Structures are given as structure tokens and as C-alpha cells.
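J.: This is the structure I have questions about; it appears just below.
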Amino acid sequence: MIFYSPSFASLLLNDIRFLPYYQLQIKMITNISRQLTTGALAIAGTVAALGLGLVGSGAANAATLTYSFTNAEQSTEINQTNTLSKFDSSLGTLTGVALTLSGRATQNFSGVNTVNTTQTASITSMAYLSFTFSDGITITNPDNGDPAFTFSSSSGSQTYSANQTRNFGPYTPSSSKVYNFPATGNSALSNFLGAAGSTFSVTCTSMSGLTVMGGGGNITASQSTTAGCGASVQYTYTPASPPLTIPEPSGVLGIFAVAGVGFFLRRKS
């Protein structure tokens, strides 16, 4: 491809009028090579700048990794332990951690009037789930409360005829909380660092029960409750910088070769 410009055409016309034929050929080749050389250098500079820009912008972007688990519900009382992956330090620099805890329950309960007179009572089923962690990980930041959930389901005030049984449920409460690190009172980011494949454990336990208000002590209550826990962790980090490389497409190398021929002809002329 020849890079055409008006000034280049004007120069050729002047050469045609005043130069012998063999000198005209050399002059034309020299001018063409000069245009090719200038174009090659411009293209090479653009490619190099683009390569450096891509490398620089990639290294500056933050990245995230997320790991999670969900335990199946079991009859209370539960004692469930599962694991989450730690952050592999070889991936880059850890800048933040978001630990999400979740809990849920299924509550069924009943009340029985044990006497021959009408009674009015309210029954409440409760389940309390709490979390603990291994590897020195602690949560004491007051912004989102303790790492625990309290689920409470009530029948409301109900009238029981003589010897009547009333059933309630299922109620299916659930909840989740997010804890950020670093934060005042929470453990340091270093507690989440480890080699590839290392983990920390999350343990969830329950305490459940029933309360009966009213009925003169004549309402007998019972319950069937299941519960389960889950957790996820999201790591925010700055990726480790890759080795700095500048792309060298074969097309750019070919342009440099043409430019070199042009430079040689210019020297010869």
C-alpha cells in the first residue's frame, strides 16, 4: 500500500520534468519508502501504546471470589459444621471480606386443652441459632448484631373448647446477615488468608422451645421443629500483576521490514 498525499504527488511531478529517467526511478522509490517508514513507525507506536494501556488497566481492576454452602434442615437441636475456602494469597492482595450467615426453620406445634371447660391461650414456638468459627475468626461488630438468629412463631390468642386439640404451622421463618471485614471489633483480614485449598469451619447450633400464655395451666403444648444454616464468603482483592509484555503481531514486524528496505534505498540514493 502507498501512502498518498498531495505534497507527495507534487514532488513527483517536479521530478518528472527535471530528472533523467534512472534518477527519476530512484527518487520515486526513495519517496515511497519515506512514506512507508513514517506509516510503519506510526502504526508500531499505536500498537505499543495500546498494549501498554491494556496491561495497565487490567492490573488496576479489583476482582472477587465467592464460596458458599447450605446445610439441609435437621430436627432440633442441631449442631452443623461446614467449611468455606480461605483466600489464596498467591492470587493477589486481599482488601475486603464479606461473610454472609443464613438460617431457617420449620415450626409445627399444637395445644391440647386438658380440662372440660373452655380455655383461651397463646402458644409461641421459638428457635435460636448461633454461629461460631475456627481459625480465630470472630464477630463482635455491633452494626449487625451477634452472629445469631431468633425465630419466633405464635398461634395468637386461641379459644379451646373442652378437651380440644389445635394444630399450628408449618411456619417457615428465615433470615440472613452480612458482616464486613475489616471492621471495628471483627477479626483481621489475615484470619482469612491461607494456601490454596485451605479452609475455615462454620458451626451452627440451635436452642428451641415453647411458651404458653393463658389457659390456666390447662393447655399442654408440643412442637416439631427443624432448622438449618448456611454461609458464604466473598473476597475482594487486587490481582497479582502479570509480567509486563508488549504484543508483537507479525503484521507489525512485516511493516518494519518494509521500512528497513526503504531506509536502505534512501541511503543508497
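Residues in the C-alpha cells are named by chain (A, B, ... in the order shown) and by number from 1 within that chain; ligands are numbered from 1 in the order shown.
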Set the distance at 6 Å and use only C-alpha atoms: which residues neighbour segment 183-187 of chain A once local chain neighbours fewer than 4 positions away are removed? I'd like the list as a short mmCIF file (atom, residue, chain, number, x, y, z; two decimals) with all heavy atoms, in the first residue's frame.
T.:
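Okay, this is what ended up in part.cif:
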```cif
data_model
loop_
_atom_site.label_atom_id
_atom_site.label_comp_id
_atom_site.auth_asym_id
_atom_site.auth_seq_id
_atom_site.Cartn_x
_atom_site.Cartn_y
_atom_site.Cartn_z
N ILE A 137 -11.41 -16.55 63.83
CA ILE A 137 -12.35 -15.60 63.23
C ILE A 137 -13.44 -15.26 64.25
O ILE A 137 -14.09 -16.15 64.81
CB ILE A 137 -12.97 -16.18 61.95
CG1 ILE A 137 -11.88 -16.39 60.90
CG2 ILE A 137 -14.07 -15.26 61.42
CD1 ILE A 137 -12.36 -17.12 59.66
N THR A 138 -13.61 -13.97 64.50
CA THR A 138 -14.61 -13.52 65.48
C THR A 138 -15.44 -12.39 64.89
O THR A 138 -15.00 -11.66 64.01
CB THR A 138 -13.94 -13.01 66.77
OG1 THR A 138 -13.03 -11.95 66.44
CG2 THR A 138 -13.17 -14.13 67.47
N ILE A 139 -16.68 -12.27 65.40
CA ILE A 139 -17.58 -11.20 65.00
C ILE A 139 -18.14 -10.57 66.27
O ILE A 139 -18.91 -11.18 67.00
CB ILE A 139 -18.74 -11.72 64.13
CG1 ILE A 139 -18.21 -12.30 62.82
CG2 ILE A 139 -19.74 -10.61 63.85
CD1 ILE A 139 -19.28 -12.94 61.96
N THR A 140 -17.72 -9.32 66.52
CA THR A 140 -18.26 -8.60 67.67
C THR A 140 -18.71 -7.19 67.26
O THR A 140 -19.04 -6.39 68.11
CB THR A 140 -17.22 -8.49 68.79
OG1 THR A 140 -16.04 -7.82 68.29
CG2 THR A 140 -16.83 -9.87 69.31
N ASN A 141 -18.70 -6.92 65.96
CA ASN A 141 -19.13 -5.60 65.48
C ASN A 141 -20.62 -5.43 65.76
O ASN A 141 -21.43 -6.26 65.35
CB ASN A 141 -18.85 -5.48 63.97
CG ASN A 141 -19.10 -4.07 63.47
OD1 ASN A 141 -20.21 -3.58 63.55
ND2 ASN A 141 -18.07 -3.43 62.94
#
```
J.: Got a sec: who's within 7 Å of Ser134 of chain A, counting only C-alpha atoms, leaving out chain neighbours fewer than 4 positions off, as a ChimeraX atom specification?
T.: /A:200-202
J.: Show me, as a CSV table (one decimal) with all heavy atoms, in the first residue's frame, the residues that have an atom within 10 Å of segment 69-79 of chain A when counting only C-alpha atoms, minus same-chain residues fewer than 5 positions from it.
T.:
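The resulting file, around.csv, is shown below:
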```csv
chain,number,residue,atom,x,y,z
A,84,LEU,N,-15.7,-23.2,54.5
A,84,LEU,CA,-15.5,-22.3,53.4
A,84,LEU,C,-14.0,-22.1,53.1
A,84,LEU,O,-13.2,-22.2,54.0
A,84,LEU,CB,-16.1,-20.9,53.8
A,84,LEU,CG,-17.6,-20.8,54.0
A,84,LEU,CD1,-18.0,-19.5,54.6
A,84,LEU,CD2,-18.3,-21.0,52.7
A,101,LEU,N,-24.1,-14.9,56.8
A,101,LEU,CA,-24.7,-16.0,57.5
A,101,LEU,C,-26.2,-16.1,57.3
A,101,LEU,O,-26.8,-15.1,57.2
A,101,LEU,CB,-24.4,-15.9,59.0
A,101,LEU,CG,-22.9,-15.6,59.4
A,101,LEU,CD1,-22.8,-15.4,60.9
A,101,LEU,CD2,-22.0,-16.8,58.9
A,102,SER,N,-26.7,-17.3,57.2
A,102,SER,CA,-28.1,-17.5,57.0
A,102,SER,C,-28.7,-18.6,57.8
A,102,SER,O,-27.9,-19.6,58.2
A,102,SER,CB,-28.4,-17.8,55.5
A,102,SER,OG,-27.8,-19.0,55.1
A,103,GLY,N,-29.9,-18.5,58.2
A,103,GLY,CA,-30.6,-19.6,59.0
A,103,GLY,C,-32.0,-19.6,58.6
A,103,GLY,O,-32.6,-18.7,58.1
A,104,ARG,N,-32.6,-20.8,58.9
A,104,ARG,CA,-34.0,-21.0,58.6
A,104,ARG,C,-34.6,-22.1,59.5
A,104,ARG,O,-33.8,-22.9,60.0
A,104,ARG,CB,-34.2,-21.4,57.1
A,104,ARG,CG,-33.6,-22.7,56.7
A,104,ARG,CD,-33.5,-22.8,55.2
A,104,ARG,NE,-33.0,-24.2,54.9
A,104,ARG,CZ,-31.7,-24.6,55.0
A,104,ARG,NH1,-30.8,-23.7,55.5
A,104,ARG,NH2,-31.4,-25.8,54.7
A,105,ALA,N,-35.9,-22.1,59.6
A,105,ALA,CA,-36.5,-23.2,60.5
A,105,ALA,C,-37.9,-23.5,59.9
A,105,ALA,O,-38.5,-22.7,59.2
A,105,ALA,CB,-36.6,-22.7,61.9
A,106,THR,N,-38.4,-24.7,60.3
A,106,THR,CA,-39.8,-25.1,60.0
A,106,THR,C,-40.4,-25.5,61.3
A,106,THR,O,-39.9,-26.4,62.0
A,106,THR,CB,-39.8,-26.2,59.0
A,106,THR,OG1,-39.2,-25.8,57.8
A,106,THR,CG2,-41.3,-26.6,58.7
A,127,ALA,N,-37.0,-20.7,68.1
A,127,ALA,CA,-35.7,-21.4,67.7
A,127,ALA,C,-34.6,-20.4,67.6
A,127,ALA,O,-34.8,-19.3,67.0
A,127,ALA,CB,-35.9,-22.1,66.4
A,128,TYR,N,-33.6,-20.6,68.4
A,128,TYR,CA,-32.4,-19.7,68.4
A,128,TYR,C,-31.2,-20.4,67.8
A,128,TYR,O,-30.8,-21.5,68.2
A,128,TYR,CB,-32.1,-19.3,69.9
A,128,TYR,CG,-30.9,-18.5,70.0
A,128,TYR,CD1,-30.9,-17.1,69.8
A,128,TYR,CD2,-29.7,-19.0,70.5
A,128,TYR,CE1,-29.8,-16.3,70.0
A,128,TYR,CE2,-28.6,-18.2,70.7
A,128,TYR,CZ,-28.6,-16.9,70.4
A,128,TYR,OH,-27.5,-16.1,70.6
A,129,LEU,N,-30.6,-19.8,66.7
A,129,LEU,CA,-29.5,-20.3,66.0
A,129,LEU,C,-28.3,-19.4,66.2
A,129,LEU,O,-28.4,-18.2,66.0
A,129,LEU,CB,-29.8,-20.4,64.5
A,129,LEU,CG,-31.0,-21.2,64.1
A,129,LEU,CD1,-31.1,-21.2,62.5
A,129,LEU,CD2,-31.1,-22.6,64.6
A,130,SER,N,-27.2,-20.0,66.6
A,130,SER,CA,-25.9,-19.2,66.8
A,130,SER,C,-24.8,-19.8,66.0
A,130,SER,O,-24.7,-21.0,65.8
A,130,SER,CB,-25.6,-19.1,68.3
A,130,SER,OG,-25.4,-20.4,68.8
A,131,PHE,N,-23.8,-19.0,65.7
A,131,PHE,CA,-22.6,-19.4,64.9
A,131,PHE,C,-21.3,-19.2,65.6
A,131,PHE,O,-21.1,-18.2,66.3
A,131,PHE,CB,-22.6,-18.6,63.6
A,131,PHE,CG,-23.7,-18.8,62.6
A,131,PHE,CD1,-25.0,-18.2,62.9
A,131,PHE,CD2,-23.6,-19.6,61.5
A,131,PHE,CE1,-26.0,-18.4,62.0
A,131,PHE,CE2,-24.6,-19.8,60.6
A,131,PHE,CZ,-25.9,-19.2,60.9
A,202,VAL,N,-17.4,-23.3,59.8
A,202,VAL,CA,-18.5,-22.5,60.4
A,202,VAL,C,-19.4,-23.5,61.1
A,202,VAL,O,-19.9,-24.5,60.4
A,202,VAL,CB,-19.3,-21.8,59.3
A,202,VAL,CG1,-20.4,-21.0,59.9
A,202,VAL,CG2,-18.3,-20.8,58.5
A,203,THR,N,-19.7,-23.3,62.3
A,203,THR,CA,-20.6,-24.2,63.1
A,203,THR,C,-21.8,-23.5,63.6
A,203,THR,O,-21.8,-22.3,64.0
A,203,THR,CB,-19.8,-24.7,64.3
A,203,THR,OG1,-18.7,-25.5,63.9
A,203,THR,CG2,-20.7,-25.7,65.2
A,204,CYS,N,-23.0,-24.1,63.4
A,204,CYS,CA,-24.2,-23.5,63.8
A,204,CYS,C,-25.0,-24.5,64.7
A,204,CYS,O,-25.1,-25.7,64.5
A,204,CYS,CB,-25.1,-23.3,62.5
A,204,CYS,SG,-26.8,-22.8,62.8
A,205,THR,N,-25.4,-24.0,65.9
A,205,THR,CA,-26.1,-24.8,66.9
A,205,THR,C,-27.5,-24.1,67.2
A,205,THR,O,-27.7,-22.9,66.9
A,205,THR,CB,-25.4,-24.9,68.2
A,205,THR,OG1,-25.1,-23.6,68.7
A,205,THR,CG2,-24.0,-25.7,67.9
A,206,SER,N,-28.4,-24.9,67.7
A,206,SER,CA,-29.8,-24.4,68.0
A,206,SER,C,-30.2,-24.6,69.4
A,206,SER,O,-29.7,-25.5,70.1
A,206,SER,CB,-30.8,-25.0,67.0
A,206,SER,OG,-31.0,-26.4,67.4
A,207,MET,N,-31.1,-23.8,69.9
A,207,MET,CA,-31.9,-24.0,71.1
A,207,MET,C,-33.3,-23.6,70.8
A,207,MET,O,-33.6,-22.6,70.2
A,207,MET,CB,-31.4,-23.1,72.2
A,207,MET,CG,-30.0,-23.5,72.7
A,207,MET,SD,-29.4,-22.4,74.1
A,207,MET,CE,-30.6,-22.9,75.3
A,208,SER,N,-34.2,-24.5,71.0
A,208,SER,CA,-35.6,-24.3,70.7
A,208,SER,C,-36.5,-24.6,71.9
A,208,SER,O,-36.2,-25.3,72.8
A,208,SER,CB,-36.1,-25.2,69.5
A,208,SER,OG,-35.9,-26.5,69.8
A,209,GLY,N,-37.8,-24.0,71.8
A,209,GLY,CA,-38.7,-24.2,73.0
A,209,GLY,C,-40.1,-23.7,72.7
A,209,GLY,O,-40.3,-23.1,71.6
A,224,SER,N,-42.8,-29.7,66.8
A,224,SER,CA,-41.8,-30.4,65.9
A,224,SER,C,-41.1,-29.3,65.1
A,224,SER,O,-41.8,-28.6,64.3
A,224,SER,CB,-42.6,-31.4,65.0
A,224,SER,OG,-41.7,-31.9,64.1
A,225,THR,N,-39.8,-29.2,65.3
A,225,THR,CA,-39.1,-28.1,64.7
A,225,THR,C,-37.8,-28.7,64.0
A,225,THR,O,-37.1,-29.5,64.6
A,225,THR,CB,-38.6,-27.1,65.7
A,225,THR,OG1,-39.8,-26.6,66.4
A,225,THR,CG2,-37.9,-25.9,65.1
A,226,THR,N,-37.6,-28.2,62.8
A,226,THR,CA,-36.3,-28.5,62.1
A,226,THR,C,-35.6,-27.1,61.8
A,226,THR,O,-36.3,-26.1,61.7
A,226,THR,CB,-36.5,-29.2,60.8
A,226,THR,OG1,-37.3,-28.4,59.9
A,226,THR,CG2,-37.2,-30.6,61.0
A,227,ALA,N,-34.3,-27.2,61.6
A,227,ALA,CA,-33.6,-25.9,61.4
A,227,ALA,C,-32.3,-26.3,60.5
A,227,ALA,O,-31.8,-27.4,60.6
A,227,ALA,CB,-33.2,-25.2,62.6
A,228,GLY,N,-31.8,-25.3,59.9
A,228,GLY,CA,-30.6,-25.5,59.1
A,228,GLY,C,-29.9,-24.1,58.9
A,228,GLY,O,-30.5,-23.1,59.0
A,229,CYS,N,-28.6,-24.2,58.6
A,229,CYS,CA,-27.8,-23.0,58.5
A,229,CYS,C,-27.0,-23.0,57.2
A,229,CYS,O,-26.9,-24.0,56.5
A,229,CYS,CB,-26.8,-22.8,59.6
A,229,CYS,SG,-27.6,-22.8,61.2
A,230,GLY,N,-26.6,-21.8,56.8
A,230,GLY,CA,-25.7,-21.7,55.6
A,230,GLY,C,-24.8,-20.5,55.8
A,230,GLY,O,-24.9,-19.7,56.7
A,231,ALA,N,-23.8,-20.4,54.9
A,231,ALA,CA,-22.9,-19.3,54.9
A,231,ALA,C,-22.2,-19.1,53.6
A,231,ALA,O,-22.1,-20.1,52.8
A,231,ALA,CB,-21.8,-19.5,56.0
A,232,SER,N,-21.8,-17.9,53.3
A,232,SER,CA,-21.0,-17.6,52.1
A,232,SER,C,-20.0,-16.6,52.4
A,232,SER,O,-20.2,-15.8,53.3
A,232,SER,CB,-21.8,-17.2,50.9
A,232,SER,OG,-22.4,-15.9,51.2
A,233,VAL,N,-18.8,-16.6,51.7
A,233,VAL,CA,-17.8,-15.6,51.9
A,233,VAL,C,-17.4,-15.0,50.5
A,233,VAL,O,-17.2,-15.8,49.6
A,233,VAL,CB,-16.6,-16.2,52.6
A,233,VAL,CG1,-15.9,-17.3,51.9
A,233,VAL,CG2,-15.6,-15.1,53.0
```
J.: Compare A:Thr83, A:Thr66, A:Asn61, A:Asn163 by their minimum atom-to-atom distance to Asn218 of chain A, counting only C-alpha atoms, and give me the closest one.
T.: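 Between A:Thr83, A:Thr66, A:Asn61, A:Asn163, the residue approaching Asn218 of chain A most closely is A:Asn163.
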J.: If you count only C-alpha atoms, which residues fall within 7 Å of Phe109 of chain A, apart from same-chain ones fewer than 6 positions away, as an NGL selection string?
T.: :A and (167-169 or 222-224)
J.: Measure the distance from atom CA of Thr236 of chain A to atom CA of Thr93 of chain A in Å and round it to one decimal.
T.: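 The value is 8.7 Å.
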J.: If you run DSSP over the backbone, which residues in segment 105-192 of chain A end up helix (DSSP H, G or I)? Put them as a list of chain:residue names.
T.: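 Of segment 105-192 of chain A, the ones in helix (DSSP H, G or I) are A:Pro142, A:Asp143, A:Asn144, A:Leu189, A:Ser190, A:Asn191, A:Phe192.
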J.: Ranking A:Val115, A:Val178, A:Ala195, A:Met213 by minimum distance to Gln158 of chain A and counting only C-alpha atoms, which one comes first?
T.: A:Met213
J.: Nearest to Leu91 of chain A: which of A:Phe149, A:Ala162, A:Ala63, A:Gly216 is it, counting only C-alpha atoms?
T.: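 Distance minimum relative to Leu91 of chain A lands on A:Ala63.
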J.: From a DSSP calculation on the backbone, collect every residue of segment 45-176 of chain A in strand (DSSP E or B) and output the set as a PyMOL selection string.
T.: chain A and resi 63-70+74-75+79-85+87-88+92-113+119-133+148-154+158-160+165-171+174-176
J.: With distances taken over only C-alpha atoms, which of A:Ala240, A:Pro173, A:Gly197, A:Ser190 is nearest to Asn108 of chain A?
T.: A:Pro173
J.: What is the distance between atom CA of Thr95 of chain A and atom CA of Gly194 of chain A, in Å to one decimal?
T.: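 The value is 14.5 Å.
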J.: Give me, please, the distance in Å between atom CA of Thr165 of chain A and atom CA of Asn116 of chain A, quoted to one decimal.
T.: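 Distance reported for this atom pair: 12.4 Å.
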